[in-house]
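Enquirer: Pasting input_24.cif below, which is mmCIF, C-alpha atoms.
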data_protein
loop_
_atom_site.label_atom_id
_atom_site.label_comp_id
_atom_site.auth_asym_id
_atom_site.auth_seq_id
_atom_site.Cartn_x
_atom_site.Cartn_y
_atom_site.Cartn_z
CA SER Y 2 100.03 117.90 98.48
CA SER Y 3 98.85 115.97 95.49
CA GLY Y 4 96.42 114.24 97.74
CA SER Y 5 96.03 110.69 98.77
CA THR Y 6 95.37 107.99 96.29
CA SER Y 7 91.89 108.02 94.92
CA SER Y 8 91.84 104.27 94.58
CA ASN Y 9 89.78 102.30 97.03
CA PRO Y 10 92.00 99.39 98.14
CA LEU Y 11 89.22 96.89 97.49
CA LEU Y 12 88.47 98.47 94.12
CA VAL Y 13 92.09 98.01 93.08
CA PHE Y 14 91.78 94.26 93.46
CA LEU Y 15 88.33 94.12 91.91
CA ASN Y 16 89.72 95.86 88.84
CA ILE Y 17 92.26 93.07 88.43
CA VAL Y 18 89.37 90.96 87.13
CA PRO Y 19 88.55 92.63 83.78
CA SER Y 20 84.99 93.30 82.66
CA ASN Y 21 86.09 93.40 79.02
CA ILE Y 22 88.96 91.18 77.92
CA ALA Y 23 89.49 93.03 74.63
CA SER Y 24 89.85 96.42 76.32
CA VAL Y 25 92.57 95.13 78.65
CA PHE Y 26 95.01 94.68 75.78
CA SER Y 27 94.39 98.20 74.47
CA SER Y 28 95.44 100.01 77.65
CA ASN Y 29 98.86 100.51 79.22
CA THR Y 30 97.36 100.74 82.71
CA GLU Y 31 95.75 97.30 82.84
CA VAL Y 32 98.84 95.15 83.30
CA LEU Y 33 97.51 93.60 86.53
CA ALA Y 34 94.39 92.47 84.69
CA ILE Y 35 96.62 90.96 82.02
CA VAL Y 36 98.54 89.08 84.71
CA PHE Y 37 95.22 87.73 86.01
CA LEU Y 38 94.17 86.64 82.52
CA ALA Y 39 97.55 85.02 81.93
CA ALA Y 40 97.31 83.07 85.19
CA ALA Y 41 93.75 81.96 84.39
CA THR Y 42 94.75 80.91 80.88
CA GLY Y 43 97.75 78.98 82.16
CA LEU Y 44 95.68 77.15 84.76
CA CYS Y 45 93.08 76.21 82.15
CA MET Y 46 95.80 74.92 79.84
CA ASN Y 47 97.24 72.90 82.69
CA LYS Y 48 93.81 71.42 83.35
CA LEU Y 49 93.39 70.43 79.70
CA GLY Y 50 96.75 68.70 79.63
CA PHE Y 51 99.80 68.92 77.42
CA GLU Y 52 98.44 67.10 74.37
CA LYS Y 53 95.43 69.37 73.89
CA THR Y 54 97.42 72.58 74.36
CA THR Y 55 100.67 71.78 72.55
CA THR Y 56 100.12 74.38 69.82
CA MET Y 57 99.10 77.06 72.30
CA ARG Y 58 102.10 76.36 74.52
CA ARG Y 59 104.47 76.63 71.58
CA LEU Y 60 102.83 79.85 70.40
CA LEU Y 61 103.07 81.44 73.85
CA GLN Y 62 106.72 80.41 74.20
CA GLU Y 63 107.62 81.89 70.83
CA LEU Y 64 105.72 85.10 71.57
CA ASN Y 65 107.51 85.34 74.91
CA ASP Y 66 110.87 85.03 73.16
CA ILE Y 67 109.91 87.75 70.68
CA VAL Y 68 108.75 90.13 73.42
CA THR Y 69 111.92 89.54 75.43
CA VAL Y 70 114.12 90.35 72.43
CA PHE Y 71 112.03 93.44 71.67
CA LEU Y 72 112.16 94.63 75.28
CA ASN Y 73 115.93 94.20 75.34
CA PHE Y 74 116.16 96.24 72.15
CA VAL Y 75 113.96 99.03 73.49
CA VAL Y 76 115.77 99.21 76.84
CA THR Y 77 119.25 99.23 75.34
CA LYS Y 78 118.58 101.48 72.34
CA PHE Y 79 115.89 103.96 73.34
CA ALA Y 80 116.01 104.09 77.14
CA PRO Y 81 119.06 106.41 77.30
CA ILE Y 82 117.34 109.00 75.08
CA ALA Y 83 114.05 108.75 76.96
CA ILE Y 84 115.76 109.03 80.34
CA PHE Y 85 117.78 112.04 79.16
CA LEU Y 86 114.62 113.85 78.11
CA LEU Y 87 112.72 112.98 81.29
CA ILE Y 88 115.58 113.92 83.60
CA SER Y 89 116.19 117.19 81.76
CA ARG Y 90 112.55 118.10 82.18
CA THR Y 91 112.57 117.13 85.86
CA PHE Y 92 115.58 119.27 86.75
CA ALA Y 93 114.37 122.13 84.58
CA THR Y 94 111.16 122.16 86.61
CA TYR Y 95 112.33 121.32 90.13
CA GLY Y 96 116.08 121.99 90.14
CA ILE Y 97 117.99 119.73 92.55
CA GLU Y 98 115.02 119.26 94.86
CA TYR Y 99 114.72 115.55 94.00
CA ILE Y 100 118.40 114.68 94.40
CA ARG Y 101 118.31 114.01 98.15
CA PRO Y 102 115.25 111.70 98.14
CA ALA Y 103 116.69 109.89 95.11
CA VAL Y 104 119.92 109.20 96.99
CA VAL Y 105 117.93 108.05 100.02
CA TYR Y 106 115.95 105.71 97.76
CA MET Y 107 119.12 104.18 96.33
CA VAL Y 108 120.81 103.69 99.70
CA LEU Y 109 117.72 102.29 101.40
CA THR Y 110 116.95 99.90 98.55
CA VAL Y 111 120.51 98.60 98.37
CA ILE Y 112 120.59 98.04 102.14
CA LEU Y 113 117.28 96.15 102.08
CA LEU Y 114 118.37 94.00 99.15
CA LEU Y 115 121.72 93.15 100.74
CA VAL Y 116 120.08 92.27 104.07
CA TYR Y 117 117.64 90.00 102.27
CA LEU Y 118 120.36 88.45 100.13
CA PHE Y 119 122.93 87.76 102.83
CA GLY Y 120 120.59 87.54 105.82
CA ALA Y 121 117.12 86.32 104.97
CA TYR Y 122 118.06 83.74 102.34
CA PRO Y 123 120.69 81.94 104.45
CA LEU Y 124 118.21 81.94 107.33
CA MET Y 125 115.57 80.39 105.07
CA VAL Y 126 118.05 77.72 104.01
CA PHE Y 127 118.82 76.87 107.63
CA ILE Y 128 115.19 76.86 108.80
CA GLY Y 129 113.79 75.07 105.76
CA THR Y 130 116.50 72.47 105.17
CA ARG Y 131 118.72 72.49 108.29
CA LEU Y 132 121.72 72.85 106.01
CA ASN Y 133 124.73 75.05 106.72
CA PRO Y 134 123.89 78.55 105.41
CA LYS Y 135 127.58 79.46 105.14
CA THR Y 136 128.06 76.63 102.66
CA PHE Y 137 125.11 77.90 100.67
CA LEU Y 138 126.51 81.43 100.49
CA ARG Y 139 129.93 80.17 99.47
CA LYS Y 140 128.59 78.03 96.66
CA ILE Y 141 126.00 80.49 95.39
CA MET Y 142 128.42 83.41 95.19
CA GLY Y 143 129.18 82.74 91.53
CA VAL Y 144 125.48 82.98 90.69
CA ILE Y 145 125.22 86.23 92.64
CA LEU Y 146 128.09 87.80 90.73
CA PHE Y 147 126.94 86.51 87.35
CA GLY Y 148 123.38 87.72 87.91
CA PHE Y 149 124.71 91.09 89.02
CA SER Y 150 126.87 91.48 85.94
CA THR Y 151 124.26 90.37 83.39
CA SER Y 152 121.16 91.84 85.08
CA SER Y 153 119.17 89.02 83.50
CA SER Y 154 117.63 86.04 85.28
CA ALA Y 155 117.30 84.23 81.96
CA ALA Y 156 121.01 84.60 81.19
CA THR Y 157 121.90 83.40 84.70
CA LEU Y 158 119.64 80.34 84.56
CA PRO Y 159 122.20 77.89 83.08
CA MET Y 160 124.80 78.77 85.70
CA ASN Y 161 122.19 78.63 88.46
CA TYR Y 162 121.12 75.18 87.28
CA GLU Y 163 124.68 73.89 87.17
CA THR Y 164 125.41 75.28 90.64
CA CYS Y 165 122.30 73.75 92.17
CA VAL Y 166 122.82 70.33 90.60
CA LYS Y 167 126.59 69.89 90.65
CA ARG Y 168 127.62 71.92 93.69
CA MET Y 169 124.59 71.72 95.97
CA GLY Y 170 123.27 68.26 95.15
CA VAL Y 171 119.78 69.22 93.96
CA ASP Y 172 118.18 66.52 91.82
CA LYS Y 173 118.16 67.35 88.10
CA GLN Y 174 114.41 66.94 87.78
CA VAL Y 175 113.78 69.30 90.68
CA ALA Y 176 116.21 71.91 89.37
CA SER Y 177 114.89 71.71 85.81
CA PHE Y 178 111.36 72.39 87.09
CA VAL Y 179 111.86 74.82 89.97
CA LEU Y 180 114.53 77.10 88.48
CA PRO Y 181 112.78 77.98 85.18
CA LEU Y 182 109.49 78.38 87.03
CA GLY Y 183 111.15 80.59 89.64
CA MET Y 184 112.80 82.66 86.92
CA THR Y 185 109.30 83.49 85.69
CA ILE Y 186 107.29 84.05 88.87
CA ASN Y 187 109.68 84.19 91.84
CA MET Y 188 110.82 87.83 91.86
CA ASP Y 189 111.61 88.67 95.49
CA GLY Y 190 114.11 91.37 94.66
CA THR Y 191 111.85 92.95 92.08
CA ALA Y 192 108.97 93.15 94.56
CA ILE Y 193 111.18 94.78 97.22
CA MET Y 194 112.53 97.32 94.75
CA GLN Y 195 109.07 98.17 93.44
CA VAL Y 196 107.64 98.76 96.93
CA VAL Y 197 110.47 101.10 97.93
CA ALA Y 198 110.35 102.88 94.57
CA THR Y 199 106.60 103.39 94.84
CA LEU Y 200 106.98 104.87 98.32
CA PHE Y 201 109.75 107.16 97.06
CA ILE Y 202 107.58 108.36 94.18
CA ALA Y 203 104.62 108.87 96.51
CA GLY Y 204 106.72 110.96 98.88
CA ALA Y 205 108.32 112.98 96.10
CA ALA Y 206 104.95 113.68 94.48
CA GLY Y 207 103.23 114.60 97.75
CA TYR Y 208 100.90 111.64 98.14
CA ASP Y 209 99.83 110.48 101.60
CA VAL Y 210 100.47 106.77 102.09
CA SER Y 211 98.37 105.13 104.79
CA VAL Y 212 98.89 101.67 106.25
CA GLY Y 213 96.10 100.39 104.03
CA SER Y 214 97.72 101.91 100.96
CA LEU Y 215 101.05 100.37 101.95
CA ILE Y 216 99.46 96.92 102.11
CA VAL Y 217 97.88 97.46 98.70
CA ILE Y 218 101.23 98.58 97.27
CA ALA Y 219 102.95 95.49 98.66
CA LEU Y 220 100.31 93.16 97.23
CA LEU Y 221 100.36 94.91 93.87
CA ALA Y 222 104.16 94.66 93.80
CA LEU Y 223 103.88 90.94 94.49
CA VAL Y 224 101.40 90.46 91.65
CA ALA Y 225 103.22 92.76 89.23
CA SER Y 226 106.57 91.09 89.89
CA VAL Y 227 105.07 87.81 88.67
CA GLY Y 228 104.45 89.46 85.31
CA THR Y 229 107.93 90.96 85.05
CA PRO Y 230 109.95 89.57 82.11
CA ALA Y 231 113.38 88.11 82.88
CA ALA Y 232 115.09 90.91 80.97
CA PRO Y 233 117.33 93.82 82.03
CA GLY Y 234 115.43 96.88 83.20
CA ALA Y 235 112.03 95.20 83.09
CA GLY Y 236 111.34 95.73 86.80
CA ALA Y 237 111.44 99.50 86.53
CA VAL Y 238 109.16 99.39 83.49
CA ILE Y 239 106.56 97.22 85.24
CA LEU Y 240 106.76 99.61 88.20
CA PHE Y 241 104.43 101.90 86.29
CA THR Y 242 101.75 99.23 86.71
CA ILE Y 243 101.80 99.67 90.47
CA LEU Y 244 101.75 103.44 90.19
CA SER Y 245 98.66 103.22 88.01
CA GLY Y 246 97.05 100.71 90.34
CA VAL Y 247 97.26 103.00 93.37
CA GLY Y 248 96.58 106.21 91.47
CA PHE Y 249 100.06 107.77 91.61
CA THR Y 250 99.90 109.21 88.11
CA SER Y 251 100.25 112.96 88.60
CA ASP Y 252 102.83 114.94 86.68
CA ALA Y 253 105.09 115.11 89.74
CA ALA Y 254 104.83 111.33 90.18
CA LEU Y 255 105.83 110.72 86.58
CA MET Y 256 108.83 113.02 86.99
CA ALA Y 257 109.90 111.10 90.09
CA TYR Y 258 109.40 107.90 88.11
CA SER Y 259 111.78 109.23 85.47
CA LEU Y 260 114.43 109.57 88.18
CA ILE Y 261 113.89 105.92 89.09
CA LEU Y 262 114.49 104.92 85.48
CA ALA Y 263 117.69 106.95 85.43
CA ILE Y 264 119.30 105.69 88.64
CA ASN Y 265 117.87 102.20 88.83
CA ARG Y 266 120.41 100.29 86.75
CA PRO Y 267 122.74 99.34 89.65
CA ILE Y 268 119.72 98.41 91.75
CA GLU Y 269 118.32 96.25 88.95
CA MET Y 270 121.63 94.40 88.84
CA LEU Y 271 121.41 93.61 92.54
CA VAL Y 272 117.73 92.73 92.17
CA THR Y 273 118.65 90.12 89.56
CA SER Y 274 121.08 88.48 91.97
CA LEU Y 275 118.36 88.37 94.59
CA ASN Y 276 115.84 86.82 92.21
CA CYS Y 277 118.29 84.13 91.10
CA VAL Y 278 119.31 83.21 94.64
CA GLY Y 279 115.64 83.00 95.61
CA ASP Y 280 115.18 80.36 92.91
CA SER Y 281 118.15 78.42 94.28
CA VAL Y 282 116.71 78.50 97.79
CA ALA Y 283 113.38 77.22 96.47
CA SER Y 284 115.06 74.35 94.61
CA LEU Y 285 116.98 73.38 97.75
CA TYR Y 286 113.81 73.39 99.82
CA VAL Y 287 111.85 71.31 97.30
CA ALA Y 288 114.68 68.82 96.87
CA LYS Y 289 115.03 68.45 100.64
CA SER Y 290 111.30 67.99 101.20
CA GLU Y 291 111.10 65.38 98.43
CA LYS Y 292 114.24 63.59 99.68
CA LEU Y 293 115.99 64.33 96.40
CA LEU Y 294 118.89 66.33 97.83
CA LYS Y 295 122.38 64.84 97.92
CA GLU Y 296 123.64 66.31 101.16
CA ASP Y 297 127.10 64.86 100.69
CA VAL Y 298 127.45 66.94 97.53
CA TYR Y 299 126.10 70.01 99.32
CA ASN Y 300 128.54 69.64 102.22
CA ALA Y 301 131.52 68.89 99.99
CA LYS Y 302 134.08 71.64 99.64
#
How does this structure look as structure tokens?

Expert:
Amino acid sequence: SSGSTSSNPLLVFLNIVPSNIASVFSSNTEVLAIVFLAAATGLCMNKLGFEKTTTMRRLLQELNDIVTVFLNFVVTKFAPIAIFLLISRTFATYGIEYIRPAVVYMVLTVILLLVYLFGAYPLMVFIGTRLNPKTFLRKIMGVILFGFSTSSSAATLPMNYETCVKRMGVDKQVASFVLPLGMTINMDGTAIMQVVATLFIAGAAGYDVSVGSLIVIALLALVASVGTPAAPGAGAVILFTILSGVGFTSDAALMAYSLILAINRPIEMLVTSLNCVGDSVASLYVAKSEKLLKEDVYNAK
């Protein structure tokens, strides 16, 4: 066994608060600290108001656009070569030993995502808004399919907005606020995928995962998913943050991680659908609570 994680659960969260801001941006293993700094910076900017932070807001938006384009380029151009090399090394070392757990990972993740998509979300709609969940599923199906095909929450946003406003009766102001915000920080599907993937990697690499470690993994996945860009393949890339946070960085763990990168494309597509639908559910709930939901539009065929 590679041993249990050497990270103290409390220490993991203490390390989210950086002792040196400059050093955080020079390390690939400090993404959680960067998420913390980003959240703190955003809250401070919000406190100062729009007028005093106009330049900073514009700069951050433009940098975000640049990073998204760059990430898309890296994933589409270099990922196939990198995955080929990693997978070749994995099978050269371990043979077909990892095939069975990889298949189990895929099947389990897909089942969990589908249950959440077609079970949990409609239930949330019914409990939170008392609206017909069947109507919600029927009207959101286009968003599900579009998100699945594009594997990008950002690309699906216009269609999601149009569906929420024109087909489900969500007020324009609510949709224009909740949906872009949700695209950035509401990553239910990503968090689910990252938890299951981390457990798969831990098992494949021989780590012992206790209940405490599982809780830490879930919380880290929640935090890391907030910092996941709305670009194809980003969830699997940010997964490395969680592995670093819980100490799953052995050679065997990295080889298992390479398998995740290789087989995760279909799962990422389903994850995108889940993330987009989660944003729609949130917009429905907010519109209903603020009495800004046109129920006649929602119930119309």

Enquirer: If you measure from atom CA of Ile100 of chain Y to atom CA of Phe74 of chain Y, what distance in Å do you get, rounded to one decimal?

Expert: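 A separation of 29.0 Å between them.
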
Enquirer: Between atom CA of Leu262 of chain Y and atom CA of Val238 of chain Y, what is the distance, to one decimal in Å?

Expert: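 These atoms are spaced 7.9 Å apart.
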
Enquirer: What separation in Å, quoted to one decimal, exists between atom CA of Val108 of chain Y and atom CA of Phe92 of chain Y?

Expert: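 Rounded to one decimal, the two atoms are 20.9 Å apart.
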
Enquirer: Specify as a list in words each residue included when the PyMOL selection byres ((chain Y and resi 18) around 9) is applied to this file.

Expert: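 On this input, the PyMOL selection byres ((chain Y and resi 18) around 9) captures Phe14, Leu15, Asn16, Ile17, Pro19, Ser20, Leu33, Ala34, Ile35, Phe37 and Leu38 of chain Y.
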
Enquirer: For Ile264 of chain Y, find every residue with an atom within 12 Å (counting all atoms listed in the file), except residues of its own chain fewer than 6 positions away, and show them as a list in words.

Expert: Pro81, Ile84, Phe85, Ile88, Ile100, Pro102, Ala103, Val104, Val105, Tyr106, Met107, Val108, Thr110, Ala198, Gly234, Ala237, Ala257, Tyr258 and Met270 of chain Y

Enquirer: Give as a ChimeraX atom specification the residues that the PyMOL selection byres ((chain Y and resi 152) around 9) matches when applied to the coordinates above.

Expert: /Y:147-151,153-154,156-157,231-234,266-267,269-274

Enquirer: Selection in question (the file shown): the PyMOL selection byres ((chain Y and resi 286-300) around 6). Which residues does it include, as a PDB file with C-alpha atoms, in the coordinates of the input?

Expert:
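Output below, filename part_39.pdb:
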ATOM      1  CA  MET Y 169     124.590  71.720  95.970  1.00  0.00           C
ATOM      2  CA  GLY Y 170     123.270  68.260  95.150  1.00  0.00           C
ATOM      3  CA  VAL Y 171     119.780  69.220  93.960  1.00  0.00           C
ATOM      4  CA  ASP Y 172     118.180  66.520  91.820  1.00  0.00           C
ATOM      5  CA  ALA Y 283     113.380  77.220  96.470  1.00  0.00           C
ATOM      6  CA  SER Y 284     115.060  74.350  94.610  1.00  0.00           C
ATOM      7  CA  LEU Y 285     116.980  73.380  97.750  1.00  0.00           C
ATOM      8  CA  ALA Y 301     131.520  68.890  99.990  1.00  0.00           C
TER       9      ALA Y 301
END

Enquirer: Fewer than 6 positions away in the same chain doesn't count, so skip those; otherwise give me all residues within 9 Å of Val144 of chain Y, counting all atoms listed in the file, as a ChimeraX atom specification.

Expert: /Y:157-158,160-161,164,274,277-278

Enquirer: From the list Y:Val227, Y:Leu114, Y:Lys140, Y:Leu109, which residue is nearest Leu200 of chain Y when using all atoms listed in the file?

Expert: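 Among the listed residues, the smallest separation from Leu200 of chain Y belongs to Y:Leu109.
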
Enquirer: Looking at all atoms listed in the file, which of Y:Val25, Y:Ala40, Y:Val75, Y:Ile141 is the one that sits closest to Tyr122 of chain Y?

Expert: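 The closest residue to Tyr122 of chain Y is Y:Ile141.
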
Enquirer: Considering only C-alpha atoms, return as a list in words whatever protein or nucleic-acid residues lie within 7 Å of Asn276 of chain Y, sequence-local ones (same chain, fewer than 6 positions apart) excluded.

Expert: Asn187, Met188, Asp189 and Gly190 of chain Y
